[in-house]
>>> print(open('protein27.csv').read())   # CSV, C-alpha atoms
chain,number,residue,atom,x,y,z
A,1,MET,CA,-21.2,-12.7,14.0
A,2,PRO,CA,-22.1,-10.3,16.9
A,3,HIS,CA,-19.3,-8.1,18.2
A,4,PRO,CA,-19.2,-7.1,21.9
A,5,PRO,CA,-19.8,-3.4,22.7
A,6,SER,CA,-16.4,-3.3,24.3
A,7,ARG,CA,-14.9,-3.2,20.8
A,8,TRP,CA,-16.9,-0.2,19.8
A,9,LEU,CA,-15.1,3.1,19.5
A,10,ALA,CA,-18.3,5.2,19.6
A,11,THR,CA,-22.0,4.5,19.6
A,12,GLY,CA,-25.1,6.2,18.3
A,13,PRO,CA,-28.8,5.3,18.6
A,14,ARG,CA,-28.7,2.6,15.9
A,15,VAL,CA,-25.0,2.0,14.9
A,16,ALA,CA,-21.6,1.8,16.4
A,17,ILE,CA,-18.2,2.1,14.9
A,18,ARG,CA,-15.2,-0.2,15.5
A,19,PRO,CA,-11.9,-0.9,13.8
A,20,PHE,CA,-11.5,-3.5,11.0
A,21,THR,CA,-10.2,-6.9,12.0
A,22,LEU,CA,-9.0,-9.7,9.8
A,23,GLU,CA,-11.7,-11.9,11.2
A,24,ASP,CA,-14.4,-9.7,9.5
A,25,GLY,CA,-13.3,-11.0,6.1
A,26,PRO,CA,-16.1,-13.5,5.5
A,27,GLU,CA,-18.9,-11.1,6.4
A,28,PHE,CA,-17.4,-8.1,4.7
A,29,THR,CA,-16.7,-9.9,1.4
A,30,ALA,CA,-20.2,-11.5,1.4
A,31,ARG,CA,-21.8,-8.1,1.8
A,32,ALA,CA,-19.5,-6.6,-0.8
A,33,GLY,CA,-20.5,-9.3,-3.2
A,34,GLU,CA,-24.2,-8.6,-2.6
A,35,SER,CA,-23.7,-4.9,-3.1
A,36,LYS,CA,-21.8,-4.7,-6.4
A,37,GLY,CA,-24.9,-3.3,-8.2
A,38,LEU,CA,-25.0,-0.5,-5.6
A,39,HIS,CA,-21.3,0.3,-5.7
A,40,ARG,CA,-20.5,0.2,-9.4
A,41,PRO,CA,-19.0,2.3,-11.0
A,42,TRP,CA,-18.0,4.3,-8.0
A,43,LEU,CA,-16.5,1.9,-5.6
A,44,PHE,CA,-14.8,-1.5,-5.6
A,45,PRO,CA,-14.5,-2.9,-2.1
A,46,PRO,CA,-12.6,-6.2,-1.7
A,47,ASP,CA,-14.8,-9.2,-2.5
A,48,SER,CA,-12.4,-12.1,-1.9
A,49,GLU,CA,-10.7,-13.3,1.3
A,50,GLN,CA,-7.2,-12.4,0.0
A,51,ALA,CA,-8.2,-9.0,-1.2
A,52,TYR,CA,-9.9,-8.3,2.1
A,53,ALA,CA,-6.9,-9.5,4.1
A,54,ASP,CA,-4.7,-7.1,2.1
A,55,TYR,CA,-7.1,-4.2,2.4
A,56,ALA,CA,-7.9,-4.6,6.1
A,57,GLY,CA,-4.2,-5.3,6.9
A,58,SER,CA,-3.2,-1.9,5.3
A,59,LEU,CA,-5.9,-0.1,7.4
A,60,ILE,CA,-4.7,-1.8,10.5
A,61,ASP,CA,-1.0,-1.4,10.0
A,62,ASP,CA,-0.6,2.0,8.2
A,63,PRO,CA,-0.5,5.0,10.5
A,64,ALA,CA,-1.7,7.2,7.6
A,65,ARG,CA,-5.0,5.3,7.5
A,66,ALA,CA,-7.8,4.5,9.9
A,67,GLY,CA,-10.6,2.2,9.0
A,68,PHE,CA,-14.0,1.9,10.7
A,69,LEU,CA,-16.8,-0.6,10.3
A,70,VAL,CA,-20.2,0.8,10.8
A,71,CYS,CA,-22.2,-1.9,12.6
A,72,GLU,CA,-25.8,-2.1,13.6
A,73,LYS,CA,-26.1,-2.1,17.3
A,74,ASP,CA,-28.8,-4.6,17.2
A,75,GLY,CA,-27.0,-7.8,16.2
A,76,GLY,CA,-23.7,-6.3,15.2
A,77,ALA,CA,-24.1,-6.7,11.4
A,78,ILE,CA,-21.7,-4.7,9.3
A,79,ALA,CA,-23.8,-1.9,7.6
A,80,GLY,CA,-20.9,-0.2,5.8
A,81,PHE,CA,-17.4,1.2,6.2
A,82,ILE,CA,-15.7,4.5,6.5
A,83,ASN,CA,-11.9,5.0,6.1
A,84,ILE,CA,-9.8,8.0,6.7
A,85,ASN,CA,-6.9,7.9,4.2
A,86,ASN,CA,-3.9,10.0,3.6
A,87,ILE,CA,-3.8,11.2,7.2
A,88,VAL,CA,-1.2,13.9,7.6
A,89,ARG,CA,-0.1,15.1,11.1
A,90,GLY,CA,1.8,18.2,12.0
A,91,GLY,CA,0.4,21.6,10.9
A,92,PHE,CA,-1.9,20.0,8.4
A,93,ARG,CA,-3.8,17.4,10.6
A,94,SER,CA,-6.0,16.3,7.8
A,95,GLY,CA,-7.4,13.1,6.2
A,96,ALA,CA,-9.5,12.1,3.2
A,97,LEU,CA,-12.7,10.0,3.8
A,98,GLY,CA,-13.8,7.1,1.7
A,99,TYR,CA,-16.9,5.1,2.5
A,100,GLY,CA,-19.5,2.6,1.3
A,101,VAL,CA,-22.8,1.2,2.5
A,102,PHE,CA,-23.8,-2.4,2.0
A,103,ALA,CA,-27.1,-3.1,0.1
A,104,HIS,CA,-29.0,-4.4,3.1
A,105,ALA,CA,-28.4,-1.1,4.9
A,106,ALA,CA,-28.8,1.4,2.1
A,107,GLY,CA,-31.4,4.1,2.5
A,108,ARG,CA,-31.9,3.5,6.2
A,109,GLY,CA,-29.8,6.5,7.5
A,110,LEU,CA,-27.2,4.2,9.1
A,111,MET,CA,-24.2,5.6,7.2
A,112,ARG,CA,-25.2,9.1,8.1
A,113,GLU,CA,-25.2,8.1,11.7
A,114,GLY,CA,-21.9,6.3,11.3
A,115,LEU,CA,-20.3,9.2,9.5
A,116,GLU,CA,-21.2,11.5,12.4
A,117,LEU,CA,-19.5,9.1,14.8
A,118,VAL,CA,-16.4,8.9,12.6
A,119,ILE,CA,-16.2,12.7,12.3
A,120,ALA,CA,-16.4,13.1,16.1
A,121,TYR,CA,-13.7,10.5,16.5
A,122,ALA,CA,-11.5,12.1,13.9
A,123,PHE,CA,-11.8,15.6,15.4
A,124,GLY,CA,-11.6,14.1,19.0
A,125,PRO,CA,-9.3,11.2,19.7
A,126,LEU,CA,-7.5,11.3,16.3
A,127,GLY,CA,-6.8,15.1,16.7
A,128,LEU,CA,-7.5,16.0,13.1
A,129,HIS,CA,-8.5,19.5,12.0
A,130,ARG,CA,-9.9,18.9,8.5
A,131,LEU,CA,-11.6,16.0,6.7
A,132,GLU,CA,-12.1,15.8,2.9
A,133,ILE,CA,-14.4,13.8,0.7
A,134,ASN,CA,-13.7,13.4,-3.0
A,135,ALA,CA,-16.8,12.2,-4.9
A,136,GLN,CA,-17.4,11.8,-8.6
A,137,PRO,CA,-20.0,14.4,-9.8
A,138,GLY,CA,-22.5,11.7,-10.8
A,139,ASN,CA,-22.3,9.9,-7.4
A,140,THR,CA,-25.4,11.6,-6.0
A,141,ALA,CA,-25.6,9.4,-2.9
A,142,SER,CA,-22.1,10.1,-1.8
A,143,ILE,CA,-22.5,13.8,-2.4
A,144,ALA,CA,-25.8,13.8,-0.5
A,145,LEU,CA,-24.0,12.1,2.5
A,146,ALA,CA,-21.2,14.7,2.4
A,147,ARG,CA,-23.6,17.6,2.1
A,148,GLY,CA,-25.9,16.2,4.9
A,149,ALA,CA,-23.0,16.0,7.3
A,150,GLY,CA,-22.1,19.6,6.8
A,151,PHE,CA,-19.2,19.3,4.3
A,152,ARG,CA,-18.8,22.3,2.0
A,153,LEU,CA,-18.1,22.1,-1.7
A,154,GLU,CA,-14.7,23.5,-2.4
A,155,GLY,CA,-14.3,22.8,-6.1
A,156,LEU,CA,-13.9,20.3,-8.9
A,157,SER,CA,-10.7,18.6,-9.7
A,158,PRO,CA,-10.5,17.2,-13.2
A,159,LYS,CA,-9.1,13.7,-13.6
A,160,MET,CA,-8.2,13.6,-9.9
A,161,ILE,CA,-8.5,9.8,-9.0
A,162,TYR,CA,-8.0,6.7,-11.1
A,163,VAL,CA,-11.2,4.7,-10.8
A,164,ASP,CA,-12.5,1.8,-12.9
A,165,GLY,CA,-9.8,2.1,-15.6
A,166,ALA,CA,-9.8,5.9,-16.1
A,167,TRP,CA,-8.9,9.1,-14.4
A,168,ARG,CA,-12.1,10.6,-13.0
A,169,ASP,CA,-13.2,14.1,-12.1
A,170,HIS,CA,-14.1,14.6,-8.5
A,171,GLU,CA,-15.8,17.2,-6.4
A,172,ARG,CA,-13.9,18.2,-3.3
A,173,TRP,CA,-15.9,18.5,-0.1
A,174,ALA,CA,-14.4,19.6,3.2
A,175,LEU,CA,-15.2,19.9,6.9
A,176,THR,CA,-13.1,21.5,9.6
A,177,VAL,CA,-13.4,21.5,13.4
A,178,GLU,CA,-14.5,25.1,13.3
A,179,MET,CA,-17.5,24.2,11.1
A,180,ARG,CA,-18.8,21.8,13.7
A,181,SER,CA,-20.9,23.1,16.6
A,182,GLY,CA,-19.4,22.4,20.0
A,183,TYR,CA,-15.7,22.6,18.9
>>> encode(input="protein27.csv", output="structure tokens")
Amino acid sequence: MPHPPSRWLATGPRVAIRPFTLEDGPEFTARAGESKGLHRPWLFPPDSEQAYADYAGSLIDDPARAGFLVCEKDGGAIAGFININNIVRGGFRSGALGYGVFAHAAGRGLMREGLELVIAYAFGPLGLHRLEINAQPGNTASIALARGAGFRLEGLSPKMIYVDGAWRDHERWALTVEMRSGY
């Protein structure tokens, strides 16, 4: 279902970002179902209507989270999603990014463009100073996206996040306002 440009928070040449809505459930869950082979074992986005409603509701209602759908400008199809989790204000002004691309959009550079829009939004209107990405060492696509967006590797945290039934090691990547040109 096309979404009007008035709902877009930021636009690039091929994609735009906008907030999650509960109405996106059918498209999001269909795309998540089509993308399981791409996401496993790294990511488990909601693939049922109820799971999506719970997930999107938490992104919409929780001030410590901000969720963005990356949509193709031509037609409005959801290409992927980027969330800022664990947002801390005050002196810290930081958040942790999580993201996923859907299979139909993989390898087309759409998430890279979307990530740039989310970074600008986070450092601009959201007023954050630092963003972090935690990626499992074997998740080469996620690490390539972080590296390509200018994040620096800060270290490895053993057994950091519980994923797919076990505590998994994660590389910690970070980006600050000062690392971006123009800030």
>>> atom_distance(input="protein27.csv", atom1="CA of Met111 in chain A", atom2="CA of Met160 in chain A")
24.7 Å
>>> closest_residue(input="protein27.csv", among="A:Pro63, A:Gly127, A:Phe102, A:Val118", to="Gly37 in chain A", atoms="only C-alpha atoms")
A:Phe102
>>> residues_around(input="protein27.csv", residues="range 78-84 of chain A", least_positions_apart="4", cutoff="10 Å", atoms="only C-alpha atoms", output="PyMOL selection string")
chain A and resi 1-3+15-20+24+27-28+31-32+45+59+64-73+94-106+108+110-111+114-115+118-119+122+131-133
>>> closest_residue(input="protein27.csv", among="A:Leu22, A:Gly107, A:Glu34, A:Pro41", to="Tyr55 in chain A", atoms="only C-alpha atoms")
A:Leu22
>>> atom_distance(input="protein27.csv", atom1="CA of Pro26 in chain A", atom2="CA of Asp61 in chain A")
19.9 Å
>>> atom_distance(input="protein27.csv", atom1="CA of Arg147 in chain A", atom2="CA of Thr176 in chain A")
13.5 Å
>>> closest_residue(input="protein27.csv", among="A:Ala51, A:Ala120, A:Arg14, A:Arg112", to="Ala77 in chain A", atoms="only C-alpha atoms")
A:Arg14
>>> closest_residue(input="protein27.csv", among="A:Met179, A:Leu117, A:Leu153, A:Val88", to="Thr11 in chain A", atoms="all atoms listed in the file")
A:Leu117
>>> closest_residue(input="protein27.csv", among="A:Leu43, A:Ala53, A:Ala141, A:Leu9", to="Thr29 in chain A", atoms="all atoms listed in the file")
A:Ala53
>>> residues_around(input="protein27.csv", residues="Asp62 in chain A", least_positions_apart="5", cutoff="10 Å", atoms="all atoms listed in the file", output="PyMOL selection string")
chain A and resi 57+85-87
>>> closest_residue(input="protein27.csv", among="A:Arg168, A:Arg7, A:Arg152, A:Arg93", to="Arg130 in chain A", atoms="all atoms listed in the file")
A:Arg93
>>> residues_around(input="protein27.csv", residues="Asp169 in chain A", least_positions_apart="3", cutoff="6 Å", atoms="only C-alpha atoms", output="PyMOL selection string")
chain A and resi 136+157-160
